[in-house]
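> Got a file for you: model_29.cif, mmCIF, C-alpha atoms (C1' of nucleotides).
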data_entry
loop_
_atom_site.label_atom_id
_atom_site.label_comp_id
_atom_site.auth_asym_id
_atom_site.auth_seq_id
_atom_site.Cartn_x
_atom_site.Cartn_y
_atom_site.Cartn_z
CA MET G 1 69.44 -52.22 -9.19
CA ALA G 2 66.18 -53.18 -7.55
CA ARG G 3 63.10 -53.28 -9.75
CA GLU G 4 60.92 -50.23 -10.37
CA ARG G 5 59.40 -48.76 -7.29
CA LYS G 6 55.91 -50.19 -6.92
CA ILE G 7 54.78 -47.77 -4.23
CA ASP G 8 54.66 -45.14 -7.00
CA MET G 9 51.83 -47.03 -8.68
CA VAL G 10 49.91 -47.42 -5.44
CA ILE G 11 50.17 -43.67 -4.91
CA LEU G 12 49.21 -42.83 -8.50
CA GLY G 13 46.28 -45.22 -8.30
CA LEU G 14 44.98 -43.59 -5.14
CA LEU G 15 45.55 -40.06 -6.45
CA SER G 16 43.67 -40.93 -9.64
CA HIS G 17 40.52 -40.87 -7.53
CA GLU G 18 41.14 -37.94 -5.18
CA ASP G 19 43.79 -35.54 -3.93
CA LEU G 20 45.49 -36.83 -0.80
CA THR G 21 48.21 -36.09 1.76
CA GLY G 22 50.94 -38.62 2.54
CA TYR G 23 49.12 -39.44 5.74
CA ASP G 24 45.86 -40.03 3.85
CA ILE G 25 47.70 -42.36 1.45
CA LYS G 26 48.99 -44.40 4.36
CA LYS G 27 45.46 -44.71 5.72
CA ARG G 28 44.09 -45.84 2.35
CA ILE G 29 46.83 -48.47 2.01
CA ASP G 30 46.13 -49.73 5.53
CA GLY G 31 42.49 -50.15 4.54
CA ALA G 32 41.19 -52.15 1.59
CA ILE G 33 44.62 -52.48 -0.05
CA SER G 34 46.40 -53.95 2.97
CA SER G 35 45.37 -57.53 2.21
CA PHE G 36 47.51 -57.55 -0.94
CA TRP G 37 49.98 -54.67 -0.59
CA LYS G 38 51.73 -52.71 2.15
CA GLY G 39 53.24 -49.26 2.44
CA SER G 40 55.01 -47.23 5.11
CA PHE G 41 55.81 -43.58 5.72
CA GLY G 42 59.38 -44.57 5.03
CA ASN G 43 58.66 -45.13 1.39
CA ILE G 44 55.54 -43.01 0.85
CA TYR G 45 57.08 -39.61 1.68
CA PRO G 46 60.28 -40.08 -0.35
CA ALA G 47 58.22 -41.39 -3.28
CA LEU G 48 55.96 -38.31 -3.16
CA LYS G 49 58.99 -35.99 -3.31
CA ASP G 50 60.50 -37.93 -6.23
CA MET G 51 57.32 -38.10 -8.20
CA GLU G 52 56.73 -34.39 -7.77
CA LYS G 53 60.19 -33.74 -9.25
CA GLN G 54 59.35 -36.08 -12.14
CA GLY G 55 56.13 -34.18 -12.79
CA LEU G 56 53.86 -37.17 -12.15
CA ILE G 57 52.10 -35.30 -9.34
CA THR G 58 51.85 -31.69 -8.15
CA LYS G 59 51.78 -30.52 -4.58
CA ASN G 60 49.58 -27.99 -2.87
CA ASP G 61 50.71 -26.68 0.51
CA THR G 62 48.03 -25.38 2.80
CA SER G 63 48.00 -24.42 6.44
CA VAL G 64 44.91 -24.98 8.54
CA GLY G 65 45.59 -22.95 11.65
CA GLY G 66 49.20 -23.49 12.72
CA ARG G 67 49.13 -26.92 11.11
CA GLU G 68 50.74 -27.35 7.70
CA LYS G 69 49.67 -29.99 5.26
CA THR G 70 50.59 -30.94 1.71
CA THR G 71 48.00 -32.36 -0.62
CA TYR G 72 49.07 -34.09 -3.83
CA HIS G 73 47.29 -34.11 -7.16
CA ILE G 74 47.93 -36.39 -10.14
CA THR G 75 49.03 -34.82 -13.45
CA GLU G 76 48.29 -35.90 -17.02
CA SER G 77 51.76 -37.46 -17.12
CA GLY G 78 51.10 -39.31 -13.87
CA SER G 79 47.83 -40.62 -15.20
CA ASP G 80 49.63 -41.89 -18.31
CA ALA G 81 52.25 -43.64 -16.17
CA LEU G 82 49.47 -45.40 -14.25
CA LYS G 83 47.80 -46.57 -17.47
CA ASP G 84 51.12 -47.76 -18.91
CA TRP G 85 51.77 -49.81 -15.80
CA LEU G 86 48.29 -51.37 -15.98
CA LYS G 87 49.06 -52.51 -19.53
CA GLU G 88 52.49 -53.97 -18.71
CA GLU G 89 52.58 -57.75 -18.96
CA GLN G 90 55.12 -58.71 -16.31
CA VAL G 91 54.06 -58.72 -12.69
CA SER G 92 55.73 -59.79 -9.47
CA ASN G 93 53.49 -61.67 -7.11
CA GLU G 94 55.29 -62.75 -4.01
CA LEU G 95 54.10 -64.13 -0.76
CA LYS G 96 56.19 -64.56 2.35
CA TYR G 97 54.49 -66.88 4.74
CA GLU G 98 56.43 -67.28 7.95
CA THR G 99 53.77 -69.73 9.10
CA LEU G 100 54.66 -72.04 6.21
CA LEU G 101 58.36 -71.52 6.76
CA LYS G 102 57.91 -72.70 10.34
CA LEU G 103 55.86 -75.65 9.23
CA PHE G 104 58.43 -76.61 6.59
CA PHE G 105 61.08 -76.83 9.30
CA GLY G 106 58.61 -78.18 11.85
CA GLY G 107 60.51 -81.45 12.16
CA ALA G 108 63.04 -79.71 14.41
CA GLU G 109 60.40 -79.56 17.17
CA SER G 110 57.45 -81.65 18.34
CA ARG G 111 54.25 -81.93 16.34
CA GLU G 112 52.37 -80.04 19.04
CA VAL G 113 54.43 -76.93 18.23
CA SER G 114 53.38 -77.13 14.57
CA VAL G 115 49.75 -77.74 15.46
CA HIS G 116 49.81 -74.69 17.71
CA ASN G 117 51.40 -72.55 15.01
CA ILE G 118 48.64 -73.56 12.61
CA GLU G 119 46.04 -72.65 15.22
CA VAL G 120 47.54 -69.19 15.64
CA PHE G 121 47.42 -68.74 11.86
CA GLU G 122 43.85 -70.05 11.72
CA GLU G 123 42.62 -67.54 14.29
CA GLN G 124 44.22 -64.65 12.43
CA ILE G 125 42.65 -65.74 9.14
CA GLN G 126 39.24 -66.12 10.74
CA LYS G 127 39.45 -62.51 11.93
CA ASP G 128 40.68 -61.21 8.58
CA LEU G 129 37.98 -63.14 6.73
CA LYS G 130 35.27 -61.58 8.87
CA VAL G 131 36.52 -58.06 8.13
CA LEU G 132 36.79 -58.75 4.41
CA LYS G 133 33.29 -60.22 4.25
CA THR G 134 31.77 -57.13 5.83
CA TYR G 135 33.71 -54.90 3.43
CA SER G 136 32.63 -57.00 0.47
CA GLU G 137 28.97 -57.01 1.47
CA ASN G 138 28.94 -53.24 1.65
CA LEU G 139 30.49 -52.96 -1.80
CA GLU G 140 27.92 -55.26 -3.34
CA LYS G 141 25.12 -52.93 -2.31
CA ALA G 142 26.27 -50.55 -5.04
CA LEU G 143 27.90 -52.63 -7.73
CA ASP G 144 26.58 -50.30 -10.41
CA ILE G 145 29.45 -47.97 -9.51
CA GLU G 146 32.19 -49.10 -11.89
CA ASP G 147 35.01 -48.87 -9.32
CA HIS G 148 33.10 -51.01 -6.85
CA LEU G 149 33.31 -53.88 -9.28
CA TYR G 150 37.10 -53.75 -9.10
CA TYR G 151 37.19 -53.40 -5.34
CA SER G 152 34.71 -56.24 -5.04
CA LEU G 153 36.84 -58.51 -7.20
CA THR G 154 39.94 -57.96 -5.08
CA ALA G 155 37.90 -58.54 -1.92
CA SER G 156 36.51 -61.73 -3.37
CA PHE G 157 40.06 -62.90 -4.11
CA GLY G 158 40.87 -62.50 -0.43
CA ILE G 159 37.71 -64.26 0.69
CA GLU G 160 38.26 -67.23 -1.60
CA THR G 161 41.89 -67.67 -0.59
CA TYR G 162 41.14 -67.26 3.12
CA LYS G 163 38.49 -69.96 2.84
CA ALA G 164 41.04 -72.22 1.18
CA TYR G 165 43.47 -71.47 4.01
CA LEU G 166 40.93 -72.49 6.63
CA LYS G 167 40.13 -75.69 4.79
CA TRP G 168 43.85 -76.46 4.67
CA CYS G 169 44.28 -75.66 8.39
CA ALA G 170 41.71 -78.29 9.35
CA LYS G 171 43.35 -80.87 7.11
CA ALA G 172 46.88 -80.05 8.26
CA LYS G 173 45.97 -80.27 11.95
CA LYS G 174 44.32 -83.62 11.35
CA MET G 175 47.39 -84.96 9.56
CA LEU G 176 49.69 -83.81 12.36
CA LYS G 177 47.53 -85.35 15.06
CA GLN G 178 47.26 -88.69 13.29
CA ARG G 179 49.82 -91.44 12.73
CA GLY G 180 51.65 -91.37 15.99
CA GLY G 181 53.92 -88.38 15.69
CA LYS G 182 56.77 -87.96 18.07
CA MET B 183 64.82 -50.79 13.17
CA ALA B 184 63.50 -53.51 10.94
CA ARG B 185 62.34 -56.76 12.45
CA GLU B 186 64.65 -59.75 13.04
CA ARG B 187 66.28 -61.11 9.92
CA LYS B 188 64.16 -64.00 8.67
CA ILE B 189 66.74 -65.32 6.21
CA ASP B 190 68.69 -66.52 9.26
CA MET B 191 65.93 -68.98 10.10
CA VAL B 192 65.71 -70.24 6.53
CA ILE B 193 69.45 -70.90 6.60
CA LEU B 194 69.37 -72.55 10.03
CA GLY B 195 66.44 -74.68 8.95
CA LEU B 196 68.29 -75.89 5.88
CA LEU B 197 71.54 -76.45 7.76
CA SER B 198 69.68 -78.48 10.38
CA HIS B 199 69.40 -81.21 7.74
CA GLU B 200 72.77 -81.03 6.01
CA ASP B 201 75.92 -78.95 5.61
CA LEU B 202 75.65 -76.53 2.71
CA THR B 203 77.47 -73.75 0.85
CA GLY B 204 75.83 -70.38 0.23
CA TYR B 205 75.20 -71.44 -3.33
CA ASP B 206 73.53 -74.67 -2.20
CA ILE B 207 71.31 -72.68 0.15
CA LYS B 208 70.19 -70.49 -2.73
CA LYS B 209 69.31 -73.59 -4.75
CA ARG B 210 67.30 -75.08 -1.90
CA ILE B 211 65.37 -71.83 -1.44
CA ASP B 212 64.63 -71.66 -5.16
CA GLY B 213 63.20 -75.16 -4.91
CA ALA B 214 60.45 -76.30 -2.60
CA ILE B 215 60.62 -73.18 -0.42
CA SER B 216 60.21 -70.67 -3.26
CA SER B 217 56.41 -70.82 -3.21
CA PHE B 218 56.30 -69.23 0.23
CA TRP B 219 59.70 -67.58 0.78
CA LYS B 220 62.47 -66.02 -1.27
CA GLY B 221 66.18 -65.46 -0.78
CA SER B 222 69.03 -63.96 -2.78
CA PHE B 223 72.83 -64.04 -2.67
CA GLY B 224 72.59 -60.47 -1.48
CA ASN B 225 71.18 -61.53 1.85
CA ILE B 226 72.40 -65.13 2.09
CA TYR B 227 76.14 -64.40 2.09
CA PRO B 228 76.05 -61.50 4.57
CA ALA B 229 73.79 -63.57 6.84
CA LEU B 230 76.24 -66.49 6.75
CA LYS B 231 79.11 -64.21 7.79
CA ASP B 232 77.06 -62.70 10.60
CA MET B 233 75.82 -65.99 11.93
CA GLU B 234 79.30 -67.41 11.93
CA LYS B 235 80.43 -64.50 14.09
CA GLN B 236 77.48 -65.12 16.41
CA GLY B 237 78.43 -68.78 16.70
CA LEU B 238 75.18 -70.09 15.24
CA ILE B 239 77.08 -71.83 12.46
CA THR B 240 80.70 -72.85 11.77
CA LYS B 241 82.44 -72.71 8.44
CA ASN B 242 84.67 -75.20 6.74
CA ASP B 243 86.81 -73.98 3.84
CA THR B 244 87.85 -76.55 1.29
CA SER B 245 89.44 -76.26 -2.12
CA VAL B 246 88.62 -78.79 -4.78
CA GLY B 247 91.30 -78.18 -7.41
CA GLY B 248 91.73 -74.41 -7.86
CA ARG B 249 88.12 -73.86 -6.80
CA GLU B 250 87.45 -72.74 -3.28
CA LYS B 251 84.25 -73.43 -1.44
CA THR B 252 82.92 -72.81 2.05
CA THR B 253 80.53 -75.26 3.63
CA TYR B 254 78.55 -74.26 6.69
CA HIS B 255 77.52 -76.43 9.61
CA ILE B 256 74.92 -75.66 12.29
CA THR B 257 76.06 -75.49 15.93
CA GLU B 258 74.18 -76.43 19.12
CA SER B 259 73.49 -72.75 19.64
CA GLY B 260 72.17 -72.42 16.09
CA SER B 261 69.91 -75.39 16.59
CA ASP B 262 68.56 -73.79 19.77
CA ALA B 263 67.89 -70.53 17.92
CA LEU B 264 65.91 -72.46 15.31
CA LYS B 265 63.81 -74.19 17.93
CA ASP B 266 63.19 -70.92 19.78
CA TRP B 267 61.95 -69.32 16.59
CA LEU B 268 59.61 -72.25 15.92
CA LYS B 269 58.05 -71.72 19.32
CA GLU B 270 57.61 -67.95 18.97
CA GLU B 271 53.98 -66.92 18.68
CA GLN B 272 54.15 -63.88 16.44
CA VAL B 273 54.56 -64.35 12.72
CA SER B 274 54.55 -61.99 9.74
CA ASN B 275 52.67 -63.31 6.76
CA GLU B 276 52.66 -60.83 3.93
CA LEU B 277 51.66 -61.15 0.36
CA LYS B 278 52.33 -58.60 -2.33
CA TYR B 279 50.14 -59.28 -5.31
CA GLU B 280 50.83 -56.86 -8.12
CA THR B 281 48.06 -58.58 -10.09
CA LEU B 282 45.53 -57.54 -7.43
CA LEU B 283 47.00 -54.06 -7.22
CA LYS B 284 46.44 -53.66 -10.95
CA LEU B 285 42.93 -55.01 -10.66
CA PHE B 286 42.12 -52.68 -7.77
CA PHE B 287 43.04 -49.71 -9.95
CA GLY B 288 41.63 -51.35 -13.08
CA GLY B 289 39.02 -48.63 -13.49
CA ALA B 290 41.70 -46.34 -14.97
CA GLU B 291 41.74 -48.50 -18.10
CA SER B 292 39.29 -50.61 -20.12
CA ARG B 293 37.89 -53.87 -18.80
CA GLU B 294 39.75 -55.76 -21.49
CA VAL B 295 43.04 -54.75 -19.88
CA SER B 296 41.92 -56.22 -16.54
CA VAL B 297 40.66 -59.39 -18.17
CA HIS B 298 43.99 -59.80 -19.90
CA ASN B 299 45.91 -59.25 -16.68
CA ILE B 300 43.85 -61.96 -15.00
CA GLU B 301 44.59 -64.31 -17.90
CA VAL B 302 48.33 -63.74 -17.52
CA PHE B 303 48.03 -64.51 -13.81
CA GLU B 304 45.89 -67.58 -14.52
CA GLU B 305 48.49 -69.06 -16.88
CA GLN B 306 51.26 -68.57 -14.36
CA ILE B 307 49.24 -70.23 -11.61
CA GLN B 308 48.38 -73.17 -13.85
CA LYS B 309 52.09 -73.75 -14.46
CA ASP B 310 52.98 -73.41 -10.79
CA LEU B 311 50.16 -75.72 -9.77
CA LYS B 312 51.42 -78.42 -12.14
CA VAL B 313 54.93 -78.26 -10.66
CA LEU B 314 53.63 -78.35 -7.10
CA LYS B 315 51.37 -81.31 -7.81
CA THR B 316 54.26 -83.36 -9.18
CA TYR B 317 56.40 -82.45 -6.19
CA SER B 318 53.59 -83.34 -3.80
CA GLU B 319 52.89 -86.70 -5.44
CA ASN B 320 56.53 -87.69 -5.09
CA LEU B 321 56.51 -86.79 -1.41
CA GLU B 322 53.41 -88.83 -0.73
CA LYS B 323 55.17 -91.97 -1.91
CA ALA B 324 57.22 -91.88 1.28
CA LEU B 325 55.10 -90.18 3.91
CA ASP B 326 56.53 -92.45 6.59
CA ILE B 327 59.60 -90.20 6.59
CA GLU B 328 58.74 -87.62 9.26
CA ASP B 329 60.11 -84.62 7.33
CA HIS B 330 58.08 -85.52 4.26
CA LEU B 331 54.93 -84.91 6.25
CA TYR B 332 55.98 -81.30 6.81
CA TYR B 333 57.04 -80.77 3.20
CA SER B 334 53.81 -82.34 2.06
CA LEU B 335 51.73 -80.02 4.22
CA THR B 336 53.38 -76.91 2.81
CA ALA B 337 52.94 -78.25 -0.72
CA SER B 338 49.28 -78.94 -0.02
CA PHE B 339 48.88 -75.36 1.18
CA GLY B 340 50.14 -74.16 -2.19
CA ILE B 341 47.92 -76.55 -4.10
CA GLU B 342 44.78 -75.56 -2.19
CA THR B 343 45.42 -71.84 -2.57
CA TYR B 344 46.32 -72.13 -6.25
CA LYS B 345 43.07 -73.99 -6.86
CA ALA B 346 41.20 -71.20 -5.10
CA TYR B 347 43.03 -68.66 -7.29
CA LEU B 348 41.95 -70.45 -10.46
CA LYS B 349 38.35 -70.62 -9.28
CA TRP B 350 38.48 -66.90 -8.59
CA CYS B 351 40.05 -66.17 -12.01
CA ALA B 352 37.10 -67.78 -13.79
CA LYS B 353 34.61 -65.86 -11.68
CA ALA B 354 36.44 -62.55 -12.03
CA LYS B 355 36.70 -62.82 -15.81
CA LYS B 356 33.00 -63.60 -16.02
CA MET B 357 32.13 -60.57 -13.91
CA LEU B 358 34.28 -58.29 -16.04
CA LYS B 359 32.81 -59.54 -19.30
CA GLN B 360 29.23 -59.18 -18.08
CA ARG B 361 27.12 -56.10 -17.48
CA GLY B 362 28.26 -53.89 -20.33
CA GLY B 363 31.53 -52.52 -19.12
CA LYS B 364 33.10 -49.57 -20.82
"C1'" DA U 365 90.32 -81.41 -29.49
"C1'" DA U 366 88.80 -76.73 -29.23
"C1'" DA U 367 85.17 -73.65 -28.42
"C1'" DA U 368 80.93 -72.43 -26.50
"C1'" DA U 369 77.52 -72.82 -23.16
"C1'" DG U 370 75.96 -73.75 -18.74
"C1'" DA U 371 76.51 -74.86 -13.87
"C1'" DT U 372 79.09 -73.89 -9.58
"C1'" DA U 373 80.69 -70.57 -6.20
"C1'" DT U 374 81.44 -66.15 -3.84
"C1'" DA U 375 80.87 -61.38 -3.40
"C1'" DT U 376 79.25 -56.69 -3.71
"C1'" DC U 377 76.43 -52.65 -4.96
"C1'" DA U 378 72.36 -49.54 -5.55
"C1'" DA U 379 67.65 -49.13 -4.95
"C1'" DA U 380 63.64 -50.21 -2.43
"C1'" DT U 381 61.10 -51.69 1.65
"C1'" DA U 382 60.03 -52.35 6.58
"C1'" DG U 383 59.50 -50.76 10.91
"C1'" DA U 384 60.48 -47.86 14.39
"C1'" DT U 385 60.88 -43.42 16.15
"C1'" DA U 386 60.80 -38.24 16.68
"C1'" DT U 387 58.25 -34.11 16.52
"C1'" DA U 388 54.35 -31.10 16.73
"C1'" DT U 389 49.55 -29.68 16.30
"C1'" DA U 390 44.52 -30.48 16.64
"C1'" DA U 391 40.48 -32.71 18.44
"C1'" DA U 392 37.89 -35.36 21.76
"C1'" DG U 393 36.75 -37.11 26.26
"C1'" DG U 394 36.60 -37.17 31.12
"C1'" DC F 395 42.32 -28.70 32.41
"C1'" DC F 396 44.55 -32.54 31.29
"C1'" DT F 397 45.18 -36.79 28.95
"C1'" DT F 398 44.59 -39.51 25.08
"C1'" DT F 399 43.95 -40.16 20.33
"C1'" DA F 400 44.19 -38.60 15.58
"C1'" DT F 401 46.52 -35.82 12.12
"C1'" DA F 402 50.70 -34.79 9.62
"C1'" DT F 403 55.51 -34.90 8.09
"C1'" DA F 404 60.00 -36.63 8.27
"C1'" DT F 405 64.01 -39.47 9.05
"C1'" DC F 406 66.95 -43.43 10.18
"C1'" DT F 407 68.67 -48.15 10.34
"C1'" DA F 408 68.31 -52.78 9.05
"C1'" DT F 409 66.92 -55.69 5.68
"C1'" DT F 410 65.68 -57.30 1.18
"C1'" DT F 411 65.75 -57.26 -3.79
"C1'" DG F 412 67.74 -57.68 -8.06
"C1'" DA F 413 71.48 -56.98 -10.81
"C1'" DT F 414 76.14 -57.52 -11.85
"C1'" DA F 415 81.14 -58.96 -11.59
"C1'" DT F 416 84.43 -62.54 -11.42
"C1'" DA F 417 86.30 -67.03 -11.86
"C1'" DT F 418 86.34 -72.04 -12.16
"C1'" DC F 419 84.58 -76.36 -13.51
"C1'" DT F 420 81.61 -79.38 -16.46
"C1'" DT F 421 78.98 -80.56 -20.37
"C1'" DT F 422 77.69 -80.01 -25.03
"C1'" DT F 423 78.46 -78.62 -29.66
"C1'" DT F 424 81.29 -77.97 -33.68
#
Reformat the file's structure so that it appears as structure tokens.

Amino acid sequence: MARERKIDMVILGLLSHEDLTGYDIKKRIDGAISSFWKGSFGNIYPALKDMEKQGLITKNDTSVGGREKTTYHITESGSDALKDWLKEEQVSNELKYETLLKLFFGGAESREVSVHNIEVFEEQIQKDLKVLKTYSENLEKALDIEDHLYYSLTASFGIETYKAYLKWCAKAKKMLKQRGGK
Amino acid sequence: MARERKIDMVILGLLSHEDLTGYDIKKRIDGAISSFWKGSFGNIYPALKDMEKQGLITKNDTSVGGREKTTYHITESGSDALKDWLKEEQVSNELKYETLLKLFFGGAESREVSVHNIEVFEEQIQKDLKVLKTYSENLEKALDIEDHLYYSLTASFGIETYKAYLKWCAKAKKMLKQRGGK
DNA sequence: AAAAAGATATATCAAATAGATATATAAAGG
DNA sequence: CCTTTATATATCTATTTGATATATCTTTTT
């Protein structure tokens, strides 16, 4: 058996603030959450169906014109499930860095290949950092809103780690260019 | 269709250094690689079978006493596949931080809960950092070995990011304890 | 020396995730 | 008017995760 489905908690967390459609949920996940969690239609829609059966959320079908859409709303029971999860001790934090995997096995190719791979990574991080900084600055304009504090803290996590990445990139490139590599 | 199977590259990378059994591969992944990639028997064994069919690796069955074991060896074609992958531009780096997910939705519970969750994370990172530092120090004793340079760079990535995490933990806890939270 | 515990070794299964794709309507732009 | 983009739901396959089953060999405890 695989562990408990985490997408459920992402959905409950989002629905605890506002009613949303599956499509809306995907958009929210692709936004601020994307730097530390991912979601796809392939697990969002099945999870919504399941959770409705379990009574954690309720659905509300509406049709605007010829277009049908289903909005979900969190129930008392769903809200409790979210709170229980927040209080659980064990967490699974896992990162899968293909860039590091390539570097680890970098010896199978020339050093130039590894340097280039680091440069590709570096550029991506620089872009991501820029986006996160803008997001963070906007949040800090209204830190009196309780939720903004939480969003700001997760953004700051990203900013701090991205900065560490960039520092490492410079160092790693230097090391690879030094001491007469093959 | 899901993207190309990444476990294949982990296996090829490991086999490029020495012949290994599936069990050995699991042990290697759980070691130095574990901080940036994971693997399980559930994907290692099927991948080995597949790759053998594809001619990327060859198998060698031996029986020591009544105990059977299969050792795998990388082929020329497997070695080429590894090098091709190293030279590919696109990479998928994804982190799934349940700790951050909980913090993002922290507003559904008291600030104490979030502070506690950060403390749990902090302790784990402190442990991991200690292990990585020891590993890194041992590598640096013999940096003249080409491969050690690569292993050292990946270890240093972990060390730098873990340090950034700890710095963030202190800051985040301070923020949550300040300004009269609920 | 026997029993228990732990390490070695392979394999498989269910649940969850990733990523792509299919379908159809609505809105916006040229 | 037509094309492109956004909205919205759904499904499928491949892959990964995590657990479990089985069996042998080795080391430690009694």
> Do me a favour and pick out the residues of chain G within 10 Å of chain F, using all atoms listed in the file, as a list in words.
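Per the criterion, chain G yields Met1, Ala2, Arg3, Thr21, Gly22, Tyr23, Asp24, Phe41, Gly42, Tyr45, Pro46, Arg67, Glu68, Lys69 and Thr70 of chain G.
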> Starting from the PyMOL selection byres ((chain B and resi 311) around 12), expand the selection into actual residues of this file and give them as a VMD selection string.
chain B and resid 217 304 to 310 312 to 318 337 to 348
> Can I get the residues of chain B within 8 Å of chain G, each with the closest pair of atoms and their distance in Å to one decimal, using all atoms listed in the file, sorted chain first then ascending number, as CSV?

residue,atom,partner,partner_atom,distance
B:Val192,CA,G:Leu101,CA,7.5
B:Gly195,CA,G:Phe105,CA,5.8
B:Ser198,CA,G:Ala108,CA,7.9
B:Ile215,CA,G:Leu101,CA,7.7
B:Ser217,CA,G:Leu95,CA,7.5
B:Phe218,CA,G:Lys96,CA,5.1
B:Trp219,CA,G:Lys96,CA,4.9
B:Lys220,CA,G:Lys96,CA,7.4
B:Leu264,CA,G:Ala108,CA,7.8
B:Lys265,CA,G:Glu109,CA,6.4
B:Leu268,CA,G:Lys102,CA,5.9
B:Lys269,CA,G:Val113,CA,6.4
B:Glu271,CA,G:Asn117,CA,7.2
B:Val273,CA,G:Glu98,CA,5.9
B:Ser274,CA,G:Glu98,CA,5.9
B:Asn275,CA,G:Tyr97,CA,4.5
B:Glu276,CA,G:Lys96,CA,5.4
B:Leu277,CA,G:Leu95,CA,4.0
B:Lys278,CA,G:Trp37,CA,4.9
B:Tyr279,CA,G:Asn93,CA,4.5
B:Glu280,CA,G:Asn93,CA,5.6
B:Thr281,CA,G:Val91,CA,6.5
B:Leu282,CA,G:Thr154,CA,6.1
B:Leu283,CA,G:Phe36,CA,7.2
B:Lys284,CA,G:Leu86,CA,5.8
B:Leu285,CA,G:Tyr150,CA,6.2
B:Phe286,CA,G:Tyr150,CA,5.3
B:Phe287,CA,G:Gly13,CA,5.8
B:Gly288,CA,G:Tyr150,CA,6.5
B:Gly289,CA,G:Asp147,CA,5.8
B:Ala290,CA,G:Lys83,CA,6.6
B:Glu291,CA,G:Lys83,CA,6.4
B:Val295,CA,G:Lys87,CA,6.4
B:Asn299,CA,G:Glu89,CA,7.2
B:Val302,CA,G:Glu89,CA,7.5
B:Glu328,CA,G:Gly107,CA,7.0
B:Asp329,CA,G:Gly107,CA,5.8
B:Tyr332,CA,G:Phe104,CA,5.3
B:Tyr333,CA,G:Phe104,CA,5.5
B:Leu335,CA,G:Ala172,CA,6.3
B:Thr336,CA,G:Leu100,CA,6.1
B:Ser338,CA,G:Trp168,CA,7.6
B:Phe339,CA,G:Trp168,CA,6.2
B:Glu342,CA,G:Ala164,CA,6.0
B:Thr343,CA,G:Ala164,CA,5.8
B:Ala346,CA,G:Thr161,CA,5.8
B:Tyr347,CA,G:Thr161,CA,6.9
B:Trp350,CA,G:Phe157,CA,6.2
B:Ala354,CA,G:Leu153,CA,6.3
> Write down, as a list of chain:residue names, each residue of chain U that has any atom within 6 Å of an atom of chain G, counting all atoms listed in the file.
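The contacting residues on chain U are U:DA378, U:DA379, U:DT389.
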> Care to translate the PyMOL selection byres ((chain G and resi 75) around 10) into actual residues of this file, as a list in words?
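Applied to this file, the PyMOL selection byres ((chain G and resi 75) around 10) returns Leu12, Leu15, Ser16, Glu52, Gly55, Leu56, Ile57, Thr58, Tyr72, His73, Ile74, Glu76, Ser77, Gly78, Ser79, Asp80 and Ala81 of chain G.
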> Enter the distance from CA of Ile25 in chain G to CA of Lys49 in chain G, in Å, rounded to one decimal.
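Answer for the CA of Ile25 in chain G to CA of Lys49 in chain G separation: 13.8 Å.
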